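So this one's structure-v9.cif, mmCIF, C-alpha atoms:
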data_data
loop_
_atom_site.label_atom_id
_atom_site.label_comp_id
_atom_site.auth_asym_id
_atom_site.auth_seq_id
_atom_site.Cartn_x
_atom_site.Cartn_y
_atom_site.Cartn_z
CA SER A 1 0.00 0.00 0.00
CA GLN A 2 1.15 3.53 -0.55
CA GLN A 3 2.64 6.11 1.74
CA GLY A 4 0.11 8.61 3.02
CA GLU A 5 -3.13 6.69 3.31
CA GLU A 6 -6.15 8.62 4.47
CA ASP A 7 -9.06 7.34 6.42
CA PRO A 8 -11.97 7.44 6.22
CA GLN A 9 -12.29 7.34 2.43
CA ALA A 10 -15.51 9.32 2.69
CA LEU A 11 -17.06 11.42 5.42
CA SER A 12 -20.51 12.98 5.45
CA ILE A 13 -21.48 15.49 8.15
CA GLN A 14 -23.83 18.38 8.86
CA GLU A 15 -22.79 22.00 8.83
CA GLY A 16 -21.44 23.07 12.19
CA GLU A 17 -20.04 19.65 13.05
CA ASN A 18 -16.33 18.89 13.24
CA ALA A 19 -14.63 16.71 10.65
CA THR A 20 -11.60 14.57 11.45
CA MET A 21 -9.48 12.88 8.80
CA ASN A 22 -6.52 10.63 9.45
CA CYS A 23 -3.40 9.86 7.50
CA SER A 24 -0.86 7.11 8.01
CA TYR A 25 2.54 6.83 6.38
CA LYS A 26 5.27 4.23 6.35
CA THR A 27 8.73 5.80 6.22
CA SER A 28 10.42 8.52 8.25
CA ILE A 29 9.55 12.00 7.12
CA ASN A 30 10.73 15.53 7.82
CA ASN A 31 7.36 17.11 7.14
CA LEU A 32 3.79 16.31 6.17
CA GLN A 33 1.40 18.48 4.20
CA TRP A 34 -2.37 18.57 3.79
CA TYR A 35 -4.03 19.68 0.55
CA ARG A 36 -7.61 20.28 -0.45
CA GLN A 37 -9.13 19.68 -3.88
CA ASN A 38 -12.56 20.79 -5.02
CA SER A 39 -14.12 18.47 -7.56
CA GLY A 40 -12.36 18.72 -10.92
CA ARG A 41 -10.02 21.47 -9.75
CA GLY A 42 -6.40 21.81 -8.71
CA LEU A 43 -5.01 21.23 -5.24
CA VAL A 44 -4.72 23.96 -2.66
CA HIS A 45 -2.17 23.77 0.12
CA LEU A 46 -3.70 23.91 3.60
CA ILE A 47 -0.93 23.37 6.09
CA LEU A 48 2.57 21.93 6.53
CA ILE A 49 3.70 20.38 9.79
CA ARG A 50 7.35 19.56 10.43
CA SER A 51 8.56 16.39 12.11
CA ASN A 52 9.56 18.29 15.25
CA GLU A 53 6.05 19.75 15.65
CA ARG A 54 3.21 17.90 17.31
CA GLU A 55 0.34 20.22 16.55
CA LYS A 56 -0.34 23.17 14.32
CA HIS A 57 -3.34 25.45 13.85
CA SER A 58 -4.51 27.56 10.95
CA GLY A 59 -7.93 29.18 11.30
CA ARG A 60 -10.47 26.36 11.69
CA LEU A 61 -7.84 23.74 10.87
CA ARG A 62 -5.90 21.76 13.44
CA VAL A 63 -3.26 19.27 12.37
CA THR A 64 -1.48 16.82 14.61
CA LEU A 65 1.54 14.67 13.86
CA ASP A 66 2.62 11.58 15.78
CA THR A 67 5.92 10.41 14.35
CA SER A 68 6.05 7.41 16.69
CA LYS A 69 2.81 6.11 15.16
CA LYS A 70 3.57 7.51 11.73
CA SER A 71 0.20 9.20 11.61
CA SER A 72 -1.36 12.62 11.24
CA SER A 73 -4.85 13.97 11.63
CA LEU A 74 -6.63 16.96 10.16
CA LEU A 75 -9.49 18.45 12.15
CA ILE A 76 -11.84 20.99 10.59
CA THR A 77 -13.95 22.67 13.24
CA ALA A 78 -17.40 24.18 12.73
CA SER A 79 -17.58 22.85 9.18
CA ARG A 80 -19.33 24.72 6.39
CA ALA A 81 -20.89 23.54 3.14
CA ALA A 82 -17.98 25.24 1.36
CA ASP A 83 -15.58 22.79 3.05
CA THR A 84 -16.98 20.04 0.81
CA ALA A 85 -13.94 18.73 -1.06
CA SER A 86 -11.34 15.97 -1.15
CA TYR A 87 -8.51 16.21 1.37
CA PHE A 88 -5.09 14.66 0.80
CA CYS A 89 -2.08 14.24 2.98
CA ALA A 90 1.31 14.28 1.27
CA THR A 91 4.79 13.32 2.37
CA PRO A 92 8.19 13.79 0.72
CA ALA A 93 8.95 10.78 -1.44
CA GLY A 94 12.03 8.68 -0.85
CA GLY A 95 13.77 11.09 1.49
CA THR A 96 13.79 13.85 -1.11
CA SER A 97 14.00 17.46 -0.02
CA TYR A 98 12.16 18.96 -2.98
CA GLY A 99 8.51 18.83 -3.99
CA LYS A 100 8.37 15.19 -5.00
CA LEU A 101 5.40 14.24 -2.84
CA THR A 102 3.57 11.00 -2.28
CA PHE A 103 -0.16 11.56 -1.91
CA GLY A 104 -2.72 9.26 -0.41
CA GLN A 105 -6.05 8.44 -2.05
CA GLY A 106 -7.75 11.20 -0.08
CA THR A 107 -10.82 11.61 2.06
CA ILE A 108 -13.95 12.89 0.35
CA LEU A 109 -15.70 15.24 2.76
CA THR A 110 -19.33 16.22 2.20
CA VAL A 111 -20.81 18.90 4.45
CA HIS A 112 -24.59 19.15 4.24
CA PRO A 113 -26.19 22.58 4.79
CA GLY B 1 0.66 35.71 -13.46
CA ALA B 2 -1.11 35.45 -10.15
CA GLY B 3 -1.25 31.67 -10.15
CA VAL B 4 -0.11 28.60 -12.06
CA SER B 5 -1.81 28.55 -15.43
CA GLN B 6 -2.40 25.36 -17.40
CA THR B 7 -3.68 24.99 -20.94
CA PRO B 8 -5.74 23.46 -22.33
CA SER B 9 -8.13 22.81 -19.46
CA ASN B 10 -9.62 19.94 -21.41
CA LYS B 11 -8.18 17.90 -24.26
CA VAL B 12 -9.92 15.08 -26.08
CA THR B 13 -7.80 13.12 -28.52
CA GLU B 14 -7.77 9.84 -30.33
CA LYS B 15 -5.57 6.89 -29.53
CA GLY B 16 -2.20 7.20 -31.22
CA LYS B 17 -2.21 11.00 -31.45
CA TYR B 18 0.39 13.41 -30.04
CA VAL B 19 -0.54 15.79 -27.23
CA GLU B 20 1.11 18.80 -25.65
CA LEU B 21 0.07 20.24 -22.31
CA ARG B 22 1.37 23.61 -21.21
CA CYS B 23 2.15 25.02 -17.77
CA ASP B 24 2.96 28.62 -16.92
CA PRO B 25 4.22 28.75 -13.32
CA ILE B 26 4.06 31.59 -10.85
CA SER B 27 6.57 34.25 -11.85
CA GLY B 28 9.89 33.75 -10.12
CA HIS B 29 9.24 30.16 -9.07
CA THR B 30 12.31 28.17 -10.01
CA ALA B 31 10.90 24.74 -9.21
CA LEU B 32 8.22 23.19 -11.42
CA TYR B 33 6.51 19.81 -11.10
CA TRP B 34 4.17 17.69 -13.17
CA TYR B 35 1.79 15.25 -11.50
CA ARG B 36 -0.85 12.93 -12.93
CA GLN B 37 -4.10 12.15 -11.18
CA SER B 38 -6.44 9.34 -12.15
CA LEU B 39 -10.08 9.43 -11.11
CA GLY B 40 -10.52 8.69 -7.42
CA GLN B 41 -6.78 8.66 -6.74
CA GLY B 42 -4.25 11.06 -5.34
CA PRO B 43 -1.77 12.81 -7.65
CA GLU B 44 1.32 10.86 -8.73
CA PHE B 45 4.66 12.54 -9.35
CA LEU B 46 5.93 12.62 -12.92
CA ILE B 47 8.85 15.05 -13.19
CA TYR B 48 10.60 17.91 -11.39
CA PHE B 49 12.44 20.83 -12.97
CA GLN B 50 14.81 23.12 -11.15
CA GLY B 51 15.36 25.93 -13.57
CA THR B 52 15.71 24.59 -17.11
CA GLY B 53 16.86 21.10 -16.24
CA ALA B 54 14.85 18.04 -15.32
CA ALA B 55 16.29 17.24 -11.91
CA ASP B 56 14.11 14.16 -11.38
CA ASP B 57 12.13 12.44 -14.13
CA SER B 58 11.73 9.15 -12.31
CA GLY B 59 7.94 9.34 -12.38
CA LEU B 60 7.54 9.42 -16.16
CA PRO B 61 5.80 6.11 -16.95
CA ASN B 62 7.60 5.36 -20.24
CA ASP B 63 9.45 6.99 -23.12
CA ARG B 64 6.23 8.24 -24.71
CA PHE B 65 6.22 10.95 -22.05
CA PHE B 66 8.62 13.87 -22.23
CA ALA B 67 8.71 17.34 -20.71
CA VAL B 68 10.73 20.46 -21.39
CA ARG B 69 11.29 23.82 -19.77
CA PRO B 70 13.69 25.56 -22.18
CA GLU B 71 13.82 29.00 -20.58
CA GLY B 72 13.23 28.05 -16.98
CA SER B 73 9.67 29.31 -16.94
CA VAL B 74 6.93 27.73 -19.10
CA SER B 75 6.97 23.95 -19.31
CA THR B 76 5.39 21.62 -21.83
CA LEU B 77 4.49 18.00 -21.16
CA LYS B 78 4.51 15.99 -24.37
CA ILE B 79 2.82 12.63 -24.84
CA GLN B 80 3.43 10.64 -27.99
CA ARG B 81 1.24 7.84 -29.37
CA THR B 82 -1.39 8.39 -26.71
CA GLU B 83 -3.13 5.39 -25.20
CA ARG B 84 -6.50 5.17 -23.44
CA GLY B 85 -4.65 4.56 -20.18
CA ASP B 86 -3.11 8.02 -20.45
CA SER B 87 -6.52 9.55 -19.73
CA ALA B 88 -6.17 11.50 -16.50
CA MET B 89 -5.88 14.95 -14.99
CA TYR B 90 -2.39 16.36 -15.50
CA LEU B 91 -1.45 18.82 -12.77
CA CYS B 92 1.39 21.29 -12.78
CA ALA B 93 2.78 22.87 -9.63
CA SER B 94 5.50 25.37 -8.85
CA SER B 95 7.35 26.49 -5.77
CA LEU B 96 9.71 29.31 -4.93
CA TYR B 97 12.39 27.31 -3.19
CA ARG B 98 13.98 23.96 -3.81
CA GLY B 99 12.96 22.19 -0.65
CA THR B 100 9.53 21.33 0.67
CA ASN B 101 10.65 22.42 4.11
CA THR B 102 10.54 25.98 2.91
CA GLY B 103 6.95 25.99 1.71
CA GLU B 104 4.14 24.51 -0.23
CA LEU B 105 3.48 23.61 -3.84
CA PHE B 106 1.15 25.87 -5.80
CA PHE B 107 -0.97 23.84 -8.20
CA GLY B 108 -2.69 24.86 -11.39
CA GLU B 109 -6.26 23.84 -12.24
CA GLY B 110 -5.03 20.95 -14.33
CA SER B 111 -5.45 19.71 -17.88
CA ARG B 112 -8.02 16.94 -18.23
CA LEU B 113 -6.85 14.56 -20.97
CA THR B 114 -9.27 12.06 -22.48
CA VAL B 115 -7.98 9.54 -25.01
CA LEU B 116 -10.73 7.89 -27.03
#
Is it possible to give me this structure as structure tokens?
Amino acid sequence: SQQGEEDPQALSIQEGENATMNCSYKTSINNLQWYRQNSGRGLVHLILIRSNEREKHSGRLRVTLDTSKKSSSLLITASRAADTASYFCATPAGGTSYGKLTFGQGTILTVHP
Amino acid sequence: GAGVSQTPSNKVTEKGKYVELRCDPISGHTALYWYRQSLGQGPEFLIYFQGTGAADDSGLPNDRFFAVRPEGSVSTLKIQRTERGDSAMYLCASSLYRGTNTGELFFGEGSRLTVL
């Protein structure tokens, strides 16, 4: 299986609820990124967390990283219908230090108004 | 420009034809990447340019795929003798610095390629 696997594959919630998505990876990393993709569009960077960070916040987003478990989670608080999108975690591939990223299959989030 | 621009946004071609996809990165970004995304999957790395040179082309699936960036700005992904399996979204991204530790990738809206 590939590096950066998200779970769940799909998540359906009501507006105002929190959404939590998880990502697991296999090899050591120096950072992990989360991206968002609206249907049929390009990816938008959300947040980057470094291996020496355990938690990071950006607006309604909270990302955690547990390097001992090789896992990360993305929490979106007080979700809105506009948060409906696919969310991907991405890790540097093969120890590279440039933008060669390995993406998971993503979590499809649907937020109902 | 303000963002990464990709053209065409949609391309429908017949099996065996030649296709070119163009990417215009954010001005001043020295690093440029091509990714391919099949339906329901995450993007897969194809090639990375630092300046004019292809620093890592390990993701190109076979020799029908080729990419250039002659002046260190615009890049063209070229696919020869297209096959139905080449149908996918082709995404271009750029970044200001070489390393991911210094920031994120900025993606374009993609070129949707359909091979009939």
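Note that atom CA of A:Thr110 and atom CA of A:Gln14 are 8.3 Å apart.
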Practice item. Tell me, as a ChimeraX atom specification, which residues lie within 7 Å of stretch 19-26 of chain B, counting all atoms listed in the file; anything in the same chain fewer than 6 positions away does not count. Key: /B:1-8,73-80,92,94
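Proximity ranking of A:Ala81, A:Ile47, A:Leu109, A:Val63 relative to chain B places A:Ile47 first, based on all atoms listed in the file.
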Listed atoms of stretch 9-16 of chain A boxed along x, y and z, 5 Å each side, centre and edge lengths in Å, one decimal, as lines of an AutoDock Vina configuration file:
center_x = -18.1
center_y = 15.2
center_z = 7.3
size_x = 21.5
size_y = 25.7
size_z = 19.8
Residues of chain B within 12 Å of chain A, using all atoms listed in the file, as a short mmCIF file (atom, residue, chain, number, x, y, z; two decimals) with C-alpha atoms, in the coordinates of the input?
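So out_3.cif came out as:
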data_model
loop_
_atom_site.label_atom_id
_atom_site.label_comp_id
_atom_site.auth_asym_id
_atom_site.auth_seq_id
_atom_site.Cartn_x
_atom_site.Cartn_y
_atom_site.Cartn_z
CA GLY B 3 -1.25 31.67 -10.15
CA VAL B 4 -0.11 28.60 -12.06
CA SER B 5 -1.81 28.55 -15.43
CA GLN B 6 -2.40 25.36 -17.40
CA SER B 9 -8.13 22.81 -19.46
CA ASN B 10 -9.62 19.94 -21.41
CA THR B 30 12.31 28.17 -10.01
CA ALA B 31 10.90 24.74 -9.21
CA LEU B 32 8.22 23.19 -11.42
CA TYR B 33 6.51 19.81 -11.10
CA TRP B 34 4.17 17.69 -13.17
CA TYR B 35 1.79 15.25 -11.50
CA ARG B 36 -0.85 12.93 -12.93
CA GLN B 37 -4.10 12.15 -11.18
CA SER B 38 -6.44 9.34 -12.15
CA LEU B 39 -10.08 9.43 -11.11
CA GLY B 40 -10.52 8.69 -7.42
CA GLN B 41 -6.78 8.66 -6.74
CA GLY B 42 -4.25 11.06 -5.34
CA PRO B 43 -1.77 12.81 -7.65
CA GLU B 44 1.32 10.86 -8.73
CA PHE B 45 4.66 12.54 -9.35
CA LEU B 46 5.93 12.62 -12.92
CA ILE B 47 8.85 15.05 -13.19
CA TYR B 48 10.60 17.91 -11.39
CA PHE B 49 12.44 20.83 -12.97
CA GLN B 50 14.81 23.12 -11.15
CA ALA B 55 16.29 17.24 -11.91
CA ASP B 56 14.11 14.16 -11.38
CA ASP B 57 12.13 12.44 -14.13
CA SER B 58 11.73 9.15 -12.31
CA GLY B 59 7.94 9.34 -12.38
CA ALA B 88 -6.17 11.50 -16.50
CA MET B 89 -5.88 14.95 -14.99
CA TYR B 90 -2.39 16.36 -15.50
CA LEU B 91 -1.45 18.82 -12.77
CA CYS B 92 1.39 21.29 -12.78
CA ALA B 93 2.78 22.87 -9.63
CA SER B 94 5.50 25.37 -8.85
CA SER B 95 7.35 26.49 -5.77
CA LEU B 96 9.71 29.31 -4.93
CA TYR B 97 12.39 27.31 -3.19
CA ARG B 98 13.98 23.96 -3.81
CA GLY B 99 12.96 22.19 -0.65
CA THR B 100 9.53 21.33 0.67
CA ASN B 101 10.65 22.42 4.11
CA THR B 102 10.54 25.98 2.91
CA GLY B 103 6.95 25.99 1.71
CA GLU B 104 4.14 24.51 -0.23
CA LEU B 105 3.48 23.61 -3.84
CA PHE B 106 1.15 25.87 -5.80
CA PHE B 107 -0.97 23.84 -8.20
CA GLY B 108 -2.69 24.86 -11.39
CA GLU B 109 -6.26 23.84 -12.24
CA GLY B 110 -5.03 20.95 -14.33
CA SER B 111 -5.45 19.71 -17.88
CA ARG B 112 -8.02 16.94 -18.23
#
